[in-house]
Amino acid sequence: MIDPISLLGFIACTLTTLAFLPQLIKVILEKRTRDISRNMYLVLSVGVFFWLCYGILKNDFPIILANGFTLIFTTTILWYKLRSKEEE
């Protein structure tokens, strides 16, 4: 059985990671990134990368899981933003 603290971590990682899915899906389907801040996603992606490194060093599976998926989601959105030809 999972301990309450780990359960809390898994719930938190699930919710915060899934929060990026609607934006990711919208960007992929519409191929529009005009209203998305490049700098925000750049800073966020770097921060999430460091959280992932921290989780790996601490061997903390909820942090690794959450930030691994979040890094994929945020860098995908950033990639679409960087290759977008739309005016800022």
# chains A, B, ... in the order shown; residues from 1 in each chain; ligands from 1
>>> residues_around(residues="Gln23 (chain A)", least_positions_apart="6", cutoff="10 Å", atoms="only C-alpha atoms", output="PyMOL selection string")
chain A and resi 29+33+36+73-74+77
>>> write_last_selection(atoms="N, CA and C atoms", output="PDB file, in the first residue's frame")
ATOM      1  N   LEU A  29      -3.114  20.975 -32.496  1.00  0.00           N
ATOM      2  CA  LEU A  29      -4.245  20.934 -33.429  1.00  0.00           C
ATOM      3  C   LEU A  29      -4.382  22.215 -34.246  1.00  0.00           C
ATOM      4  N   THR A  33       0.416  29.790 -31.993  1.00  0.00           N
ATOM      5  CA  THR A  33       1.096  30.071 -30.735  1.00  0.00           C
ATOM      6  C   THR A  33       1.197  31.569 -30.475  1.00  0.00           C
ATOM      7  N   ILE A  36       0.900  32.853 -26.888  1.00  0.00           N
ATOM      8  CA  ILE A  36       1.719  32.154 -25.904  1.00  0.00           C
ATOM      9  C   ILE A  36       3.042  32.892 -25.758  1.00  0.00           C
ATOM     10  N   PHE A  73       5.967  18.131 -22.265  1.00  0.00           N
ATOM     11  CA  PHE A  73       4.848  18.994 -22.671  1.00  0.00           C
ATOM     12  C   PHE A  73       5.308  20.431 -22.909  1.00  0.00           C
ATOM     13  N   THR A  74       6.074  20.997 -21.971  1.00  0.00           N
ATOM     14  CA  THR A  74       6.465  22.405 -22.107  1.00  0.00           C
ATOM     15  C   THR A  74       7.460  22.623 -23.246  1.00  0.00           C
ATOM     16  N   ILE A  77       5.511  22.563 -26.565  1.00  0.00           N
ATOM     17  CA  ILE A  77       4.845  23.850 -26.784  1.00  0.00           C
ATOM     18  C   ILE A  77       5.874  24.897 -27.192  1.00  0.00           C
TER      19      ILE A  77
END
>>> residues_around(residues="Pro62 (chain A)", least_positions_apart="6", cutoff="12 Å", atoms="only C-alpha atoms", output="number ranges by chain")
A: 5-17, 51-52, 54-56, 68-70
>>> residues_around(residues="Lys81 (chain A)", least_positions_apart="3", cutoff="10 Å", atoms="only C-alpha atoms", output="short mmCIF file (atom, residue, chain, number, x, y, z; two decimals) with N, CA and C atoms, in the first residue's frame")
data_model
loop_
_atom_site.label_atom_id
_atom_site.label_comp_id
_atom_site.auth_asym_id
_atom_site.auth_seq_id
_atom_site.Cartn_x
_atom_site.Cartn_y
_atom_site.Cartn_z
N VAL A 27 -2.29 23.73 -29.18
CA VAL A 27 -1.18 24.17 -30.03
C VAL A 27 -0.96 23.18 -31.17
N LYS A 31 -2.03 24.72 -34.45
CA LYS A 31 -0.73 25.22 -34.93
C LYS A 31 -0.64 26.74 -34.79
N ARG A 32 -1.23 27.26 -33.71
CA ARG A 32 -1.19 28.69 -33.41
C ARG A 32 -0.56 28.89 -32.05
N THR A 33 0.42 29.79 -31.99
CA THR A 33 1.10 30.07 -30.73
C THR A 33 1.20 31.57 -30.48
N ARG A 34 0.46 32.34 -31.21
CA ARG A 34 0.56 33.79 -31.13
C ARG A 34 0.36 34.33 -29.71
N ASP A 35 -0.58 33.78 -28.98
CA ASP A 35 -0.91 34.29 -27.65
C ASP A 35 -0.11 33.61 -26.53
N ILE A 36 0.90 32.85 -26.89
CA ILE A 36 1.72 32.15 -25.90
C ILE A 36 3.04 32.89 -25.76
N SER A 37 3.47 33.10 -24.53
CA SER A 37 4.73 33.78 -24.26
C SER A 37 5.91 32.83 -24.44
N ARG A 38 6.77 33.15 -25.38
CA ARG A 38 7.98 32.36 -25.61
C ARG A 38 8.86 32.37 -24.37
N TYR A 41 7.59 30.14 -21.48
CA TYR A 41 7.81 28.70 -21.70
C TYR A 41 9.29 28.35 -21.70
N LEU A 42 10.14 29.27 -22.09
CA LEU A 42 11.58 29.04 -22.04
C LEU A 42 12.05 28.93 -20.58
N THR A 75 8.37 21.69 -23.45
CA THR A 75 9.32 21.87 -24.55
C THR A 75 8.66 21.65 -25.90
N THR A 76 7.63 20.83 -25.95
CA THR A 76 6.89 20.67 -27.21
C THR A 76 6.16 21.96 -27.55
N ILE A 77 5.51 22.56 -26.56
CA ILE A 77 4.84 23.85 -26.78
C ILE A 77 5.87 24.90 -27.19
N LEU A 78 7.01 24.94 -26.50
CA LEU A 78 8.07 25.88 -26.84
C LEU A 78 8.59 25.64 -28.25
N SER A 84 7.16 28.87 -35.06
CA SER A 84 6.01 29.60 -35.56
C SER A 84 6.45 30.83 -36.34
N LYS A 85 5.77 31.09 -37.42
CA LYS A 85 6.07 32.25 -38.25
C LYS A 85 5.13 33.43 -37.92
N GLU A 86 4.28 33.26 -36.91
CA GLU A 86 3.31 34.30 -36.56
C GLU A 86 4.03 35.49 -35.97
#
